[in-house]
file upload-v7.cif (mmCIF, C-alpha atoms)
data_protein
#
loop_
_atom_site.group_PDB
_atom_site.id
_atom_site.type_symbol
_atom_site.label_atom_id
_atom_site.label_comp_id
_atom_site.auth_asym_id
_atom_site.auth_seq_id
_atom_site.Cartn_x
_atom_site.Cartn_y
_atom_site.Cartn_z
ATOM 1 C CA MET A 262 -64.584 25.442 -11.151
ATOM 2 C CA ASP A 263 -64.257 25.771 -7.393
ATOM 3 C CA LYS A 264 -60.999 26.301 -5.533
ATOM 4 C CA GLY A 265 -60.762 22.697 -4.212
ATOM 5 C CA SER A 266 -61.110 21.033 -7.613
ATOM 6 C CA GLY A 267 -58.428 23.359 -9.117
ATOM 7 C CA SER A 268 -55.838 22.292 -6.532
ATOM 8 C CA SER A 269 -56.833 18.626 -7.007
ATOM 9 C CA LEU A 270 -56.254 19.006 -10.751
ATOM 10 C CA ILE A 271 -52.765 20.474 -10.117
ATOM 11 C CA TYR A 272 -51.854 17.551 -7.812
ATOM 12 C CA LEU A 273 -53.151 15.094 -10.394
ATOM 13 C CA MET A 274 -51.017 16.725 -13.125
ATOM 14 C CA ILE A 275 -47.893 16.642 -10.901
ATOM 15 C CA TRP A 276 -48.415 12.930 -10.184
ATOM 16 C CA ALA A 277 -48.992 12.218 -13.869
ATOM 17 C CA LEU A 278 -45.804 14.059 -14.873
ATOM 18 C CA ALA A 279 -43.794 12.247 -12.170
ATOM 19 C CA PHE A 280 -45.173 8.893 -13.329
ATOM 20 C CA ILE A 281 -44.365 9.621 -16.983
ATOM 21 C CA ALA A 282 -40.867 10.963 -16.162
ATOM 22 C CA CYS A 283 -39.932 7.902 -14.097
ATOM 23 C CA GLY A 284 -41.605 5.269 -16.245
ATOM 24 C CA ASP A 285 -39.082 5.166 -19.124
ATOM 25 C CA LYS A 286 -35.916 5.071 -17.017
ATOM 26 C CA LYS A 287 -34.067 1.804 -16.630
ATOM 27 C CA PRO A 288 -32.748 1.065 -13.135
ATOM 28 C CA ILE A 289 -29.092 1.872 -12.608
ATOM 29 C CA PRO A 290 -27.195 -0.699 -10.538
ATOM 30 C CA LYS A 291 -25.212 0.516 -7.555
ATOM 31 C CA PRO A 292 -21.430 0.383 -7.961
ATOM 32 C CA TYR A 293 -19.444 -2.438 -6.365
ATOM 33 C CA CYS A 294 -18.499 -1.596 -2.811
ATOM 34 C CA TYR A 295 -16.010 -2.921 -0.266
ATOM 35 C CA LEU A 296 -17.033 -4.276 3.103
ATOM 36 C CA ARG A 297 -15.859 -2.388 6.130
ATOM 37 C CA THR A 298 -12.870 -4.054 7.730
ATOM 38 C CA ASN A 299 -12.831 -3.931 11.508
ATOM 39 C CA LEU A 300 -9.151 -4.028 12.353
ATOM 40 C CA PRO A 301 -7.793 -4.453 15.885
ATOM 41 C CA ALA A 302 -5.570 -2.009 17.725
ATOM 42 C CA HIS A 303 -1.974 -1.989 16.504
ATOM 43 C CA ASN A 304 0.192 -4.535 18.290
ATOM 44 C CA TYR A 305 3.813 -5.286 17.356
ATOM 45 C CA MET A 306 6.427 -7.945 17.927
ATOM 46 C CA PRO A 307 10.104 -8.124 16.919
ATOM 47 C CA PHE A 308 10.574 -10.044 13.696
ATOM 48 C CA GLU A 309 13.822 -11.279 12.176
ATOM 49 C CA VAL A 310 14.494 -12.346 8.593
ATOM 50 C CA LYS A 311 17.501 -14.664 8.275
ATOM 51 C CA ASN A 312 18.922 -16.314 5.210
ATOM 52 C CA ASN A 313 22.349 -17.076 3.777
ATOM 53 C CA LEU A 314 22.399 -13.737 1.922
ATOM 54 C CA LEU A 315 21.689 -11.191 4.652
ATOM 55 C CA SER A 316 19.649 -10.787 7.787
ATOM 56 C CA TYR A 317 17.679 -7.917 9.278
ATOM 57 C CA GLN A 318 14.978 -7.275 11.857
ATOM 58 C CA PHE A 319 12.086 -4.892 12.480
ATOM 59 C CA ASP A 320 8.882 -4.542 14.483
ATOM 60 C CA ALA A 321 6.019 -6.286 12.661
ATOM 61 C CA SER A 322 2.304 -6.310 13.326
ATOM 62 C CA ASN A 323 1.187 -9.506 15.028
ATOM 63 C CA LEU A 324 -1.427 -9.832 12.231
ATOM 64 C CA TYR A 325 1.237 -10.478 9.594
ATOM 65 C CA SER A 326 3.170 -13.661 8.941
ATOM 66 C CA LEU A 327 6.103 -14.754 6.784
ATOM 67 C CA LYS A 328 4.802 -16.782 3.849
ATOM 68 C CA GLN A 329 8.020 -17.328 1.860
ATOM 69 C CA ASN A 330 11.725 -16.846 2.540
ATOM 70 C CA ILE A 331 13.899 -17.602 -0.478
ATOM 71 C CA ALA A 332 17.628 -16.978 -0.753
ATOM 72 C CA ALA A 333 19.441 -17.417 -4.035
ATOM 73 C CA LYS A 334 23.100 -16.814 -4.821
ATOM 74 C CA ASP A 335 22.875 -13.025 -5.107
ATOM 75 C CA TYR A 336 19.380 -12.024 -3.982
ATOM 76 C CA GLY A 337 16.729 -12.839 -1.399
ATOM 77 C CA PHE A 338 12.940 -12.740 -1.491
ATOM 78 C CA GLN A 339 10.416 -12.661 1.337
ATOM 79 C CA GLU A 340 6.636 -12.581 1.095
ATOM 80 C CA PHE A 341 4.625 -11.499 4.118
ATOM 81 C CA ASP A 342 0.908 -12.251 4.383
ATOM 82 C CA LEU A 343 -0.963 -9.167 5.634
ATOM 83 C CA GLY A 344 -3.720 -11.178 7.317
ATOM 84 C CA PRO A 345 -7.103 -9.391 7.450
ATOM 85 C CA LEU A 346 -5.871 -6.689 5.066
ATOM 86 C CA ASN A 347 -5.978 -9.338 2.317
ATOM 87 C CA GLY A 348 -2.656 -8.618 0.704
ATOM 88 C CA SER A 349 1.077 -9.225 0.664
ATOM 89 C CA MET A 350 4.263 -7.334 1.325
ATOM 90 C CA LEU A 351 6.962 -8.439 -1.117
ATOM 91 C CA VAL A 352 10.538 -7.761 -0.005
ATOM 92 C CA TYR A 353 13.567 -8.193 -2.256
ATOM 93 C CA SER A 354 17.095 -8.088 -0.827
ATOM 94 C CA LYS A 355 20.441 -7.884 -2.576
ATOM 95 C CA LEU A 356 24.104 -7.599 -1.727
ATOM 96 C CA PHE A 357 26.163 -5.207 -3.849
ATOM 97 C CA ASN A 358 29.860 -4.432 -3.984
ATOM 98 C CA SER A 359 30.347 -0.933 -5.396
ATOM 99 C CA ARG A 360 28.806 2.526 -5.286
ATOM 100 C CA ASP A 361 27.809 2.213 -8.957
ATOM 101 C CA SER A 362 25.764 -0.857 -8.057
ATOM 102 C CA LEU A 363 23.929 1.064 -5.305
ATOM 103 C CA ILE A 364 23.049 3.870 -7.721
ATOM 104 C CA LYS A 365 21.670 1.312 -10.193
ATOM 105 C CA LEU A 366 19.599 -0.373 -7.474
ATOM 106 C CA ILE A 367 18.137 2.963 -6.328
ATOM 107 C CA ASN A 368 17.361 3.931 -9.935
ATOM 108 C CA VAL A 369 15.534 0.623 -10.476
ATOM 109 C CA ALA A 370 13.532 1.172 -7.259
ATOM 110 C CA ASN A 371 12.601 4.699 -8.386
ATOM 111 C CA ASP A 372 11.664 3.440 -11.871
ATOM 112 C CA LEU A 373 9.321 0.853 -10.331
ATOM 113 C CA VAL A 374 7.558 3.684 -8.479
ATOM 114 C CA ASP A 375 7.449 5.809 -11.653
ATOM 115 C CA GLU A 376 5.625 3.028 -13.510
ATOM 116 C CA HIS A 377 2.530 3.960 -11.489
ATOM 117 C CA LYS A 378 2.593 7.699 -12.370
ATOM 118 C CA ILE A 379 -0.089 7.182 -15.024
ATOM 119 C CA LYS A 380 -2.684 6.030 -12.470
ATOM 120 C CA ALA A 381 -1.412 7.801 -9.350
ATOM 121 C CA ASP A 382 -3.064 11.075 -8.353
ATOM 122 C CA ARG A 383 -0.036 11.928 -6.269
ATOM 123 C CA ILE A 384 3.220 10.332 -5.094
ATOM 124 C CA ASP A 385 4.641 11.401 -1.729
ATOM 125 C CA PHE A 386 7.947 10.238 -0.303
ATOM 126 C CA ASN A 387 9.773 10.363 3.018
ATOM 127 C CA GLN A 388 13.547 10.176 3.212
ATOM 128 C CA LEU A 389 14.704 7.773 5.920
ATOM 129 C CA ILE A 390 18.056 8.549 7.553
ATOM 130 C CA PHE A 391 19.104 6.625 10.655
ATOM 131 C CA ASN A 392 22.861 7.232 10.939
ATOM 132 C CA ASP A 393 23.222 5.311 14.196
ATOM 133 C CA LYS A 394 21.807 2.111 12.626
ATOM 134 C CA LYS A 395 23.292 2.705 9.157
ATOM 135 C CA VAL A 396 19.805 2.546 7.613
ATOM 136 C CA PHE A 397 18.997 4.934 4.755
ATOM 137 C CA GLY A 398 16.183 4.890 2.229
ATOM 138 C CA THR A 399 12.896 6.242 0.953
ATOM 139 C CA PHE A 400 9.279 5.376 1.737
ATOM 140 C CA PHE A 401 6.825 6.103 -1.121
ATOM 141 C CA THR A 402 3.077 6.662 -0.723
ATOM 142 C CA LEU A 403 1.150 6.412 -4.009
ATOM 143 C CA LYS A 404 -2.327 7.935 -3.826
ATOM 144 C CA GLY A 405 -5.055 6.979 -6.269
ATOM 145 C CA ASN A 406 -6.264 3.815 -7.978
ATOM 146 C CA VAL A 407 -2.843 2.205 -8.324
ATOM 147 C CA ALA A 408 -1.731 -1.420 -8.116
ATOM 148 C CA THR A 409 0.552 -0.694 -5.147
ATOM 149 C CA ASN A 410 0.026 2.153 -2.696
ATOM 150 C CA TYR A 411 3.278 1.733 -0.756
ATOM 151 C CA GLN A 412 6.839 1.016 -1.849
ATOM 152 C CA PHE A 413 10.160 1.490 -0.088
ATOM 153 C CA TYR A 414 13.850 0.787 -0.249
ATOM 154 C CA LEU A 415 16.466 0.629 2.511
ATOM 155 C CA THR A 416 20.251 0.333 2.336
ATOM 156 C CA ASP A 417 23.330 0.576 4.525
ATOM 157 C CA SER A 418 24.964 2.384 1.530
ATOM 158 C CA VAL A 419 27.886 -0.055 1.636
ATOM 159 C CA SER A 420 26.756 -3.552 0.670
ATOM 160 C CA ARG A 421 23.108 -4.272 1.611
ATOM 161 C CA PHE A 422 19.909 -3.245 -0.179
ATOM 162 C CA VAL A 423 16.252 -4.099 0.514
ATOM 163 C CA ARG A 424 13.245 -3.054 -1.600
ATOM 164 C CA GLY A 425 9.600 -3.696 -0.772
ATOM 165 C CA GLU A 426 6.102 -3.159 -2.104
ATOM 166 C CA ILE A 427 2.560 -3.764 -0.902
ATOM 167 C CA LEU A 428 0.032 -5.608 -3.080
ATOM 168 C CA LEU A 429 -3.609 -5.937 -2.009
ATOM 169 C CA ASN A 430 -5.770 -8.725 -3.443
ATOM 170 C CA CYS A 431 -8.560 -6.542 -4.812
ATOM 171 C CA ARG A 432 -9.360 -4.061 -7.559
ATOM 172 C CA PRO A 433 -7.677 -0.695 -6.853
ATOM 173 C CA ASN A 434 -10.247 1.724 -5.445
ATOM 174 C CA TYR A 435 -8.469 4.313 -3.322
ATOM 175 C CA ASP A 436 -11.561 5.791 -1.678
ATOM 176 C CA SER A 437 -12.928 2.437 -0.536
ATOM 177 C CA LEU A 438 -9.541 1.086 0.548
ATOM 178 C CA ARG A 439 -8.443 4.217 2.374
ATOM 179 C CA PRO A 440 -9.278 3.005 5.928
ATOM 180 C CA SER A 441 -7.244 -0.172 5.357
ATOM 181 C CA LEU A 442 -4.410 1.779 3.716
ATOM 182 C CA ASP A 443 -4.267 4.263 6.608
ATOM 183 C CA TYR A 444 -4.094 1.347 9.054
ATOM 184 C CA LEU A 445 -1.347 -0.301 7.014
ATOM 185 C CA LYS A 446 0.677 2.912 6.781
ATOM 186 C CA VAL A 447 0.981 3.050 10.575
ATOM 187 C CA ASP A 448 2.416 -0.485 10.554
ATOM 188 C CA LEU A 449 4.838 0.296 7.722
ATOM 189 C CA GLU A 450 6.091 3.449 9.430
ATOM 190 C CA ARG A 451 6.749 1.407 12.572
ATOM 191 C CA MET A 452 8.600 -1.142 10.443
ATOM 192 C CA MET A 453 10.798 1.524 8.805
ATOM 193 C CA ASN A 454 11.593 3.238 12.095
ATOM 194 C CA SER A 455 12.537 -0.021 13.838
ATOM 195 C CA PHE A 456 14.452 -1.600 10.927
ATOM 196 C CA LYS A 457 18.040 -2.632 11.629
ATOM 197 C CA TRP A 458 20.669 -4.871 10.060
ATOM 198 C CA ASN A 459 22.001 -7.939 11.875
#
call {"tool": "encode", "arguments": {"input": "upload-v7.cif", "output": "structure tokens"}}
result
Amino acid sequence: MDKGSGSSLIYLMIWALAFIACGDKKPIPKPYCYLRTNLPAHNYMPFEVKNNLLSYQFDASNLYSLKQNIAAKDYGFQEFDLGPLNGSMLVYSKLFNSRDSLIKLINVANDLVDEHKIKADRIDFNQLIFNDKKVFGTFFTLKGNVATNYQFYLTDSVSRFVRGEILLNCRPNYDSLRPSLDYLKVDLERMMNSFKWN
């Protein structure tokens, strides 16, 4: 056997083994993916929520719009459409009349965050203290494949309480949604920092 035919035989055996190894495998479908969202530069406008219960204002992204504004006897509800982010910000407001009521409201807000501990990889929070505007609260960031990645509550610690959460209209997939969530976080931080009671 000459040198050339020996190397040809080796190449033939490699091709045969590759063909046999790949022939029995079934194709594996690619996982579902999310399309890239091209979001514009951040642009804000003053926004005011008014109802017969309480009223407040903040800087809102010009991409978002108020979808519902409901005021009942002792609570209010607002739903904001998040435009190209394909989701909603739900805001609940309540008047209270004693310190015990405030503690209960804060405990309920914390419990609603804790419900996501099972799925969350990590929960971060920022304390919000604006003495000059009488705005106090906490902003929660839930990382991982959770139903809501952002929740918050704000109060004047005397009689007014507002709690909010973000819900996106898609299956939770933190890695794929991260660019949209990072964009949204900038808007929410602007909202918290500009929030004031009327």
call {"tool": "atom_distance", "arguments": {"input": "upload-v7.cif", "atom1": "atom CA of Asn406 of chain A", "atom2": "atom CA of Lys380 of chain A"}}
result
6.2 Å
call {"tool": "closest_residue", "arguments": {"input": "upload-v7.cif", "among": "A:Ala302, A:Leu442, A:Val374, A:Ala408", "to": "Asn323 of chain A", "atoms": "all atoms listed in the file"}}
result
A:Ala302
call {"tool": "closest_residue", "arguments": {"input": "upload-v7.cif", "among": "A:Tyr435, A:Tyr336, A:Tyr414, A:Tyr305", "to": "Val369 of chain A", "atoms": "all atoms listed in the file"}}
result
A:Tyr414
call {"tool": "atom_distance", "arguments": {"input": "upload-v7.cif", "atom1": "atom CA of Glu340 of chain A", "atom2": "atom CA of Leu327 of chain A"}}
result
6.1 Å
call {"tool": "atom_distance", "arguments": {"input": "upload-v7.cif", "atom1": "atom CA of Pro433 of chain A", "atom2": "atom CA of Asn410 of chain A"}}
result
9.2 Å
call {"tool": "residues_around", "arguments": {"input": "upload-v7.cif", "residues": "segment 344-353 of chain A", "least_positions_apart": "3", "cutoff": "8 Å", "atoms": "only C-alpha atoms", "output": "ChimeraX atom specification"}}
result
/A:298,300,324-326,336-341,423-430,441
call {"tool": "write_last_selection", "arguments": {"input": "upload-v7.cif", "atoms": "C-alpha atoms", "output": "PDB file, in the coordinates of the input"}}
result
ATOM      1  CA  THR A 298     -12.870  -4.054   7.730  1.00  0.00           C
ATOM      2  CA  LEU A 300      -9.151  -4.028  12.353  1.00  0.00           C
ATOM      3  CA  LEU A 324      -1.427  -9.832  12.231  1.00  0.00           C
ATOM      4  CA  TYR A 325       1.237 -10.478   9.594  1.00  0.00           C
ATOM      5  CA  SER A 326       3.170 -13.661   8.941  1.00  0.00           C
ATOM      6  CA  TYR A 336      19.380 -12.024  -3.982  1.00  0.00           C
ATOM      7  CA  GLY A 337      16.729 -12.839  -1.399  1.00  0.00           C
ATOM      8  CA  PHE A 338      12.940 -12.740  -1.491  1.00  0.00           C
ATOM      9  CA  GLN A 339      10.416 -12.661   1.337  1.00  0.00           C
ATOM     10  CA  GLU A 340       6.636 -12.581   1.095  1.00  0.00           C
ATOM     11  CA  PHE A 341       4.625 -11.499   4.118  1.00  0.00           C
ATOM     12  CA  VAL A 423      16.252  -4.099   0.514  1.00  0.00           C
ATOM     13  CA  ARG A 424      13.245  -3.054  -1.600  1.00  0.00           C
ATOM     14  CA  GLY A 425       9.600  -3.696  -0.772  1.00  0.00           C
ATOM     15  CA  GLU A 426       6.102  -3.159  -2.104  1.00  0.00           C
ATOM     16  CA  ILE A 427       2.560  -3.764  -0.902  1.00  0.00           C
ATOM     17  CA  LEU A 428       0.032  -5.608  -3.080  1.00  0.00           C
ATOM     18  CA  LEU A 429      -3.609  -5.937  -2.009  1.00  0.00           C
ATOM     19  CA  ASN A 430      -5.770  -8.725  -3.443  1.00  0.00           C
ATOM     20  CA  SER A 441      -7.244  -0.172   5.357  1.00  0.00           C
TER      21      SER A 441
END
call {"tool": "axis_aligned_box", "arguments": {"input": "upload-v7.cif", "around": "segment 353-363 of chain A", "padding_each_side": "5 Å", "output": "AutoDock Vina command-line options"}}
result
--center_x 22.0 --center_y -2.8 --center_z -4.9 --size_x 26.8 --size_y 20.7 --size_z 18.1
call {"tool": "residues_around", "arguments": {"input": "upload-v7.cif", "residues": "Met453 of chain A", "least_positions_apart": "6", "cutoff": "9 Å", "atoms": "all atoms listed in the file", "output": "count of residues only"}}
result
6
call {"tool": "closest_residue", "arguments": {"input": "upload-v7.cif", "among": "A:Asn312, A:Asn459, A:Asn304, A:Ser418", "to": "Ile390 of chain A", "atoms": "only C-alpha atoms"}}
result
A:Ser418
call {"tool": "closest_residue", "arguments": {"input": "upload-v7.cif", "among": "A:His303, A:Gly405, A:Arg383, A:Trp276", "to": "Val447 of chain A", "atoms": "only C-alpha atoms"}}
result
A:His303
call {"tool": "residues_around", "arguments": {"input": "upload-v7.cif", "residues": "Asp375 of chain A", "least_positions_apart": "2", "cutoff": "12 Å", "atoms": "all atoms listed in the file", "output": "NGL selection string"}}
result
:A and (368-373 or 377-381 or 383-385 or 401-403 or 407 or 409 or 412)
call {"tool": "closest_residue", "arguments": {"input": "upload-v7.cif", "among": "A:Gln329, A:Ser455, A:Ser268, A:Asn299", "to": "Asp393 of chain A", "atoms": "all atoms listed in the file"}}
result
A:Ser455
